[in-house]
There are 2 protein chains.
Amino acid sequence: MLQTTIEMDKSAEIFKLLGNETRLTMLKILDDHDCCVCEFVEIFKASQPSISQHIRKLRDIGLVKEERRGQWIFYSINEYSEFYPFIIQLLNLLPQQNEKLKELELKGTRVQCE
Amino acid sequence: MLQTTIEMDKSAEIFKLLGNETRLTMLKILDDHDCCVCEFVEIFKASQPSISQHIRKLRDIGLVKEERRGQWIFYSINEYSEFYPFIIQLLNLLPQQNEKLKELELKGTRVQCE
DNA sequence: TATATATATAAGCAAATAATTATATACTTA
DNA sequence: TAAGTATATAATTATTTGCTTATATATATA
């Protein structure tokens with residue numbers, strides 16, 4: 001099986017991060033599309049600081065990376081993270097979440113910039 | 001892909017439980033062998049109530065089942081749990097932990113009863 | 001340049017978590 | 001039956017988590 005090993009302490013740390021429905025869903029969404037903070041705010045009906053703080057935890061451990069595009073900061077999965085091979089397998093076990101972004105598009109609140 | 005779907009809230013709940021190194025390692029060990037509380041106490045160098053409380057969380061959600069054998073209560077993976085297909089795939093991503101039980105056998109503190 | 005928008009971060013607080021200590025229960029054995 | 005062993009559970013406490021509110025920074029636009 002082609003698979004990088006991950007230590008138990010590291011995997012527990014990853015599971016802990018994923019043990020929050022907001023962060024878990026965020027990652028699953030990012031697995032499909034880049035997203036900016038305000039989109040997450042709308043998707044999760046949460047406050048902007050709350051979303052920012054969740055993202056920070058994902059960023060601090062290197063799971064996501066950020067990229068400013070004009071006014072917005074877009075987040076995406078960091079494919080170069082040492083944990084990427086691990087989390088991608090976890091995310092593959094979860095149901096698709098792309099209808100969440102589709103809803104934003106229908107409402108016209110999906111942020112497009114480029 | 002033959003795979004039972006799991007809702008996001010349920011999976012976040014599972015990840016949260018697995019987001020503790022003691023519980024995660026317990027499950028990985030139980031994936032191989034039944035174990036009793038005193039063995040975990042020795043493996044993790046933890047207090048008996050602390051181990052019991054971790055096991056309780058795994059048991060409350062149905063991931064493990066218990067079976068009394070004389071003086072001891074042995075725990076094992078509950079293969080009939082609705083989450084079994086999910087956690088087994090998670091556990092397969094983790095490194096083997098069977099050397100932990102082997103150490104007990106070498107020291108002669110592995111509990112044998114039947 | 002002033003105002004608005006998007007985001008990050010700090011401080012404060014309530015709830016959840018994980019440990020410890022103390023105690024109760026069940027079984028085994030002398 | 002009394003003492004010892006294995007385990008569960010309750011109470012307490014320190015720490016962590018995740019939210020809110022307040023504020024700062026960066027960019028866009030009028």
# chains A, B, ... in the order shown; residues from 1 in each chain; ligands from 1

call {"tool": "interface_residues", "arguments": {"of": "chain B", "to": "chain A", "cutoff": "9 Å", "atoms": "only C-alpha atoms", "output": "JSON, numbers by chain"}}
result
{"B": [3, 4, 5, 6, 7, 8, 9, 10, 11, 12, 13, 14, 15, 16, 17, 18, 19, 20, 21, 22, 23, 24, 25, 86, 89, 90, 93, 94, 95]}

call {"tool": "residues_around", "arguments": {"residues": "Glu105 (chain A)", "least_positions_apart": "5", "cutoff": "12 Å", "atoms": "only C-alpha atoms (C1' of nucleotides)", "output": "PDB file with C-alpha atoms, in the first residue's frame"}}
result
ATOM      1  CA  GLU A  39     -18.235  32.563   2.014  1.00  0.00           C
ATOM      2  CA  GLU A  42     -22.460  32.631   5.025  1.00  0.00           C
ATOM      3  CA  ILE A  43     -22.304  28.844   4.676  1.00  0.00           C
ATOM      4  CA  ASN A  98     -20.407  20.933  -2.878  1.00  0.00           C
ATOM      5  CA  GLU A  99     -24.101  21.730  -2.687  1.00  0.00           C
ATOM      6  CA  LYS A 100     -23.121  24.301  -0.044  1.00  0.00           C
ATOM      7  CA  ARG A 110     -20.384  33.337  -4.368  1.00  0.00           C
ATOM      8  CA  VAL A 111     -17.280  35.503  -4.506  1.00  0.00           C
ATOM      9  CA  GLN A 112     -15.734  35.549  -7.949  1.00  0.00           C
TER      10      GLN A 112
END

call {"tool": "interface_residues", "arguments": {"of": "chain C", "to": "chain A", "cutoff": "8 Å", "atoms": "only C-alpha atoms (C1' of nucleotides)", "output": "PyMOL selection string"}}
result
chain C and resi 5-8

call {"tool": "closest_residue", "arguments": {"among": "A:Phe40, A:Arg68, A:Ile61, A:His33", "to": "chain D", "atoms": "only C-alpha atoms (C1' of nucleotides)"}}
result
A:Arg68

call {"tool": "interface_residues", "arguments": {"of": "chain D", "to": "chain B", "cutoff": "10 Å", "atoms": "only C-alpha atoms (C1' of nucleotides)", "output": "PyMOL selection string"}}
result
chain D and resi 5-9

call {"tool": "write_last_selection", "arguments": {"atoms": "C-alpha atoms (C1' of nucleotides)", "output": "PDB file, in the first residue's frame"}}
result
ATOM      1  C1'  DT D   5      -7.906  -7.517  42.960  1.00  0.00           C
ATOM      2  C1'  DA D   6     -10.240  -5.277  38.991  1.00  0.00           C
ATOM      3  C1'  DT D   7     -13.199  -1.964  37.619  1.00  0.00           C
ATOM      4  C1'  DA D   8     -16.723   1.905  37.552  1.00  0.00           C
ATOM      5  C1'  DT D   9     -18.253   6.128  38.981  1.00  0.00           C
TER       6       DT D   9
END

call {"tool": "calpha_fit_and_write", "arguments": {"fixed": "chain A", "moving": "chain B", "output": "PDB file with C-alpha atoms, in the first residue's frame"}}
result
ATOM      1  CA  MET B   1       0.142  -0.014   0.035  1.00  0.00           C
ATOM      2  CA  LEU B   2       1.619   3.278  -1.085  1.00  0.00           C
ATOM      3  CA  GLN B   3       1.111   5.374   1.950  1.00  0.00           C
ATOM      4  CA  THR B   4       3.172   7.663   4.107  1.00  0.00           C
ATOM      5  CA  THR B   5       3.141   6.624   7.730  1.00  0.00           C
ATOM      6  CA  ILE B   6       1.981   9.076  10.310  1.00  0.00           C
ATOM      7  CA  GLU B   7       2.828   8.899  13.975  1.00  0.00           C
ATOM      8  CA  MET B   8       0.103   8.353  16.537  1.00  0.00           C
ATOM      9  CA  ASP B   9       0.605  11.719  18.213  1.00  0.00           C
ATOM     10  CA  LYS B  10       0.389  13.531  14.894  1.00  0.00           C
ATOM     11  CA  SER B  11      -2.697  11.648  13.805  1.00  0.00           C
ATOM     12  CA  ALA B  12      -4.414  12.309  17.120  1.00  0.00           C
ATOM     13  CA  GLU B  13      -3.635  15.989  16.602  1.00  0.00           C
ATOM     14  CA  ILE B  14      -5.176  15.892  13.120  1.00  0.00           C
ATOM     15  CA  PHE B  15      -8.236  14.024  14.347  1.00  0.00           C
ATOM     16  CA  LYS B  16      -8.691  16.591  17.072  1.00  0.00           C
ATOM     17  CA  LEU B  17      -8.706  19.397  14.506  1.00  0.00           C
ATOM     18  CA  LEU B  18     -11.195  17.468  12.379  1.00  0.00           C
ATOM     19  CA  GLY B  19     -13.309  16.752  15.439  1.00  0.00           C
ATOM     20  CA  ASN B  20     -15.220  19.965  14.944  1.00  0.00           C
ATOM     21  CA  GLU B  21     -18.020  19.960  12.401  1.00  0.00           C
ATOM     22  CA  THR B  22     -17.245  23.447  11.119  1.00  0.00           C
ATOM     23  CA  ARG B  23     -13.556  22.739  10.506  1.00  0.00           C
ATOM     24  CA  LEU B  24     -14.277  19.306   9.083  1.00  0.00           C
ATOM     25  CA  THR B  25     -16.831  20.673   6.623  1.00  0.00           C
ATOM     26  CA  MET B  26     -14.507  23.556   5.720  1.00  0.00           C
ATOM     27  CA  LEU B  27     -11.781  21.111   4.741  1.00  0.00           C
ATOM     28  CA  LYS B  28     -14.190  18.973   2.749  1.00  0.00           C
ATOM     29  CA  ILE B  29     -15.383  22.067   0.868  1.00  0.00           C
ATOM     30  CA  LEU B  30     -11.798  23.235   0.285  1.00  0.00           C
ATOM     31  CA  ASP B  31     -11.032  19.798  -1.104  1.00  0.00           C
ATOM     32  CA  ASP B  32     -13.198  20.875  -4.055  1.00  0.00           C
ATOM     33  CA  HIS B  33     -12.844  24.650  -4.338  1.00  0.00           C
ATOM     34  CA  ASP B  34     -10.872  27.507  -2.882  1.00  0.00           C
ATOM     35  CA  CYS B  35     -12.974  29.622  -0.558  1.00  0.00           C
ATOM     36  CA  CYS B  36     -12.756  32.951   1.200  1.00  0.00           C
ATOM     37  CA  VAL B  37     -13.743  33.777   4.747  1.00  0.00           C
ATOM     38  CA  CYS B  38     -16.971  35.591   3.898  1.00  0.00           C
ATOM     39  CA  GLU B  39     -18.229  32.560   2.014  1.00  0.00           C
ATOM     40  CA  PHE B  40     -17.647  30.374   5.042  1.00  0.00           C
ATOM     41  CA  VAL B  41     -19.371  32.967   7.207  1.00  0.00           C
ATOM     42  CA  GLU B  42     -22.453  32.623   5.018  1.00  0.00           C
ATOM     43  CA  ILE B  43     -22.304  28.848   4.682  1.00  0.00           C
ATOM     44  CA  PHE B  44     -21.991  28.220   8.399  1.00  0.00           C
ATOM     45  CA  LYS B  45     -24.107  31.153   9.592  1.00  0.00           C
ATOM     46  CA  ALA B  46     -21.260  31.957  11.962  1.00  0.00           C
ATOM     47  CA  SER B  47     -19.523  35.176  12.994  1.00  0.00           C
ATOM     48  CA  GLN B  48     -16.486  36.333  11.023  1.00  0.00           C
ATOM     49  CA  PRO B  49     -14.069  36.043  13.976  1.00  0.00           C
ATOM     50  CA  SER B  50     -15.319  32.560  14.732  1.00  0.00           C
ATOM     51  CA  ILE B  51     -14.645  31.451  11.149  1.00  0.00           C
ATOM     52  CA  SER B  52     -11.243  33.179  11.120  1.00  0.00           C
ATOM     53  CA  GLN B  53     -10.266  31.397  14.297  1.00  0.00           C
ATOM     54  CA  HIS B  54     -11.211  28.006  12.897  1.00  0.00           C
ATOM     55  CA  ILE B  55      -9.247  28.705   9.735  1.00  0.00           C
ATOM     56  CA  ARG B  56      -6.281  29.770  11.805  1.00  0.00           C
ATOM     57  CA  LYS B  57      -6.102  26.380  13.467  1.00  0.00           C
ATOM     58  CA  LEU B  58      -6.102  24.677  10.091  1.00  0.00           C
ATOM     59  CA  ARG B  59      -3.494  27.110   8.821  1.00  0.00           C
ATOM     60  CA  ASP B  60      -1.254  26.918  11.899  1.00  0.00           C
ATOM     61  CA  ILE B  61      -0.751  23.213  11.367  1.00  0.00           C
ATOM     62  CA  GLY B  62      -0.235  23.728   7.655  1.00  0.00           C
ATOM     63  CA  LEU B  63      -3.349  22.007   6.319  1.00  0.00           C
ATOM     64  CA  VAL B  64      -4.521  25.057   4.389  1.00  0.00           C
ATOM     65  CA  LYS B  65      -2.718  27.930   2.720  1.00  0.00           C
ATOM     66  CA  GLU B  66      -3.880  31.452   2.024  1.00  0.00           C
ATOM     67  CA  GLU B  67      -3.628  33.705  -0.977  1.00  0.00           C
ATOM     68  CA  ARG B  68      -4.826  37.262  -1.158  1.00  0.00           C
ATOM     69  CA  ARG B  69      -6.869  38.160  -4.238  1.00  0.00           C
ATOM     70  CA  GLY B  70      -7.707  41.836  -4.022  1.00  0.00           C
ATOM     71  CA  GLN B  71      -9.971  42.445  -1.106  1.00  0.00           C
ATOM     72  CA  TRP B  72     -10.376  38.792  -0.321  1.00  0.00           C
ATOM     73  CA  ILE B  73      -8.129  36.144   1.140  1.00  0.00           C
ATOM     74  CA  PHE B  74      -8.741  32.767  -0.403  1.00  0.00           C
ATOM     75  CA  TYR B  75      -7.931  29.569   1.392  1.00  0.00           C
ATOM     76  CA  SER B  76      -7.119  26.262  -0.202  1.00  0.00           C
ATOM     77  CA  ILE B  77      -5.869  22.820   0.763  1.00  0.00           C
ATOM     78  CA  ASN B  78      -2.087  22.802   1.101  1.00  0.00           C
ATOM     79  CA  GLU B  79      -1.081  19.869  -1.043  1.00  0.00           C
ATOM     80  CA  TYR B  80       2.496  20.143   0.161  1.00  0.00           C
ATOM     81  CA  SER B  81       1.607  19.593   3.805  1.00  0.00           C
ATOM     82  CA  GLU B  82       3.240  16.535   5.336  1.00  0.00           C
ATOM     83  CA  PHE B  83      -0.289  15.555   6.376  1.00  0.00           C
ATOM     84  CA  TYR B  84      -1.873  15.942   2.965  1.00  0.00           C
ATOM     85  CA  PRO B  85      -1.715  12.240   2.029  1.00  0.00           C
ATOM     86  CA  PHE B  86      -3.339  11.443   5.348  1.00  0.00           C
ATOM     87  CA  ILE B  87      -6.157  13.977   5.366  1.00  0.00           C
ATOM     88  CA  ILE B  88      -7.051  13.371   1.742  1.00  0.00           C
ATOM     89  CA  GLN B  89      -7.849   9.779   2.637  1.00  0.00           C
ATOM     90  CA  LEU B  90      -9.957  10.939   5.546  1.00  0.00           C
ATOM     91  CA  LEU B  91     -11.836  13.439   3.412  1.00  0.00           C
ATOM     92  CA  ASN B  92     -12.536  10.742   0.832  1.00  0.00           C
ATOM     93  CA  LEU B  93     -14.593   8.910   3.432  1.00  0.00           C
ATOM     94  CA  LEU B  94     -16.940  11.871   3.860  1.00  0.00           C
ATOM     95  CA  PRO B  95     -20.010  12.837   1.846  1.00  0.00           C
ATOM     96  CA  GLN B  96     -19.644  15.584  -0.767  1.00  0.00           C
ATOM     97  CA  GLN B  97     -20.372  19.093   0.454  1.00  0.00           C
ATOM     98  CA  ASN B  98     -20.432  20.907  -2.857  1.00  0.00           C
ATOM     99  CA  GLU B  99     -24.118  21.730  -2.654  1.00  0.00           C
ATOM    100  CA  LYS B 100     -23.144  24.285  -0.025  1.00  0.00           C
ATOM    101  CA  LEU B 101     -21.169  26.321  -2.545  1.00  0.00           C
ATOM    102  CA  LYS B 102     -23.832  25.755  -5.185  1.00  0.00           C
ATOM    103  CA  GLU B 103     -26.350  27.426  -2.905  1.00  0.00           C
ATOM    104  CA  LEU B 104     -24.137  30.502  -2.722  1.00  0.00           C
ATOM    105  CA  GLU B 105     -23.911  30.559  -6.498  1.00  0.00           C
ATOM    106  CA  LEU B 106     -27.676  30.383  -6.817  1.00  0.00           C
ATOM    107  CA  LYS B 107     -28.080  33.209  -4.332  1.00  0.00           C
ATOM    108  CA  GLY B 108     -25.398  35.143  -6.219  1.00  0.00           C
ATOM    109  CA  THR B 109     -23.218  35.503  -3.137  1.00  0.00           C
ATOM    110  CA  ARG B 110     -20.368  33.329  -4.352  1.00  0.00           C
ATOM    111  CA  VAL B 111     -17.269  35.514  -4.506  1.00  0.00           C
ATOM    112  CA  GLN B 112     -15.727  35.551  -7.937  1.00  0.00           C
ATOM    113  CA  CYS B 113     -12.498  37.389  -8.514  1.00  0.00           C
ATOM    114  CA  GLU B 114      -9.996  36.866 -11.238  1.00  0.00           C
TER     115      GLU B 114
END

call {"tool": "atom_distance", "arguments": {"atom1": "C1' of DA24 (chain C)", "atom2": "C1' of DA3 (chain D)"}}
result
16.3 Å

call {"tool": "atom_distance", "arguments": {"atom1": "C1' of DA4 (chain C)", "atom2": "C1' of DT20 (chain D)"}}
result
23.2 Å

call {"tool": "select_by_dssp", "arguments": {"residues": "region 7-113 of chain B", "states": "strand (DSSP E)", "output": "list of chain:residue names"}}
result
B:Cys35, B:Cys36, B:Val64, B:Lys65, B:Glu66, B:Glu67, B:Arg68, B:Arg69, B:Trp72, B:Ile73, B:Phe74, B:Tyr75, B:Ser76, B:Ile77

call {"tool": "select_by_dssp", "arguments": {"residues": "region 12-87 of chain B", "states": "helix (DSSP H, G or I)", "output": "number ranges by chain"}}
result
B: 12-18, 21-30, 37-44, 48-60, 84-87

call {"tool": "atom_distance", "arguments": {"atom1": "C1' of DT29 (chain D)", "atom2": "C1' of DT9 (chain C)"}}
result
25.7 Å
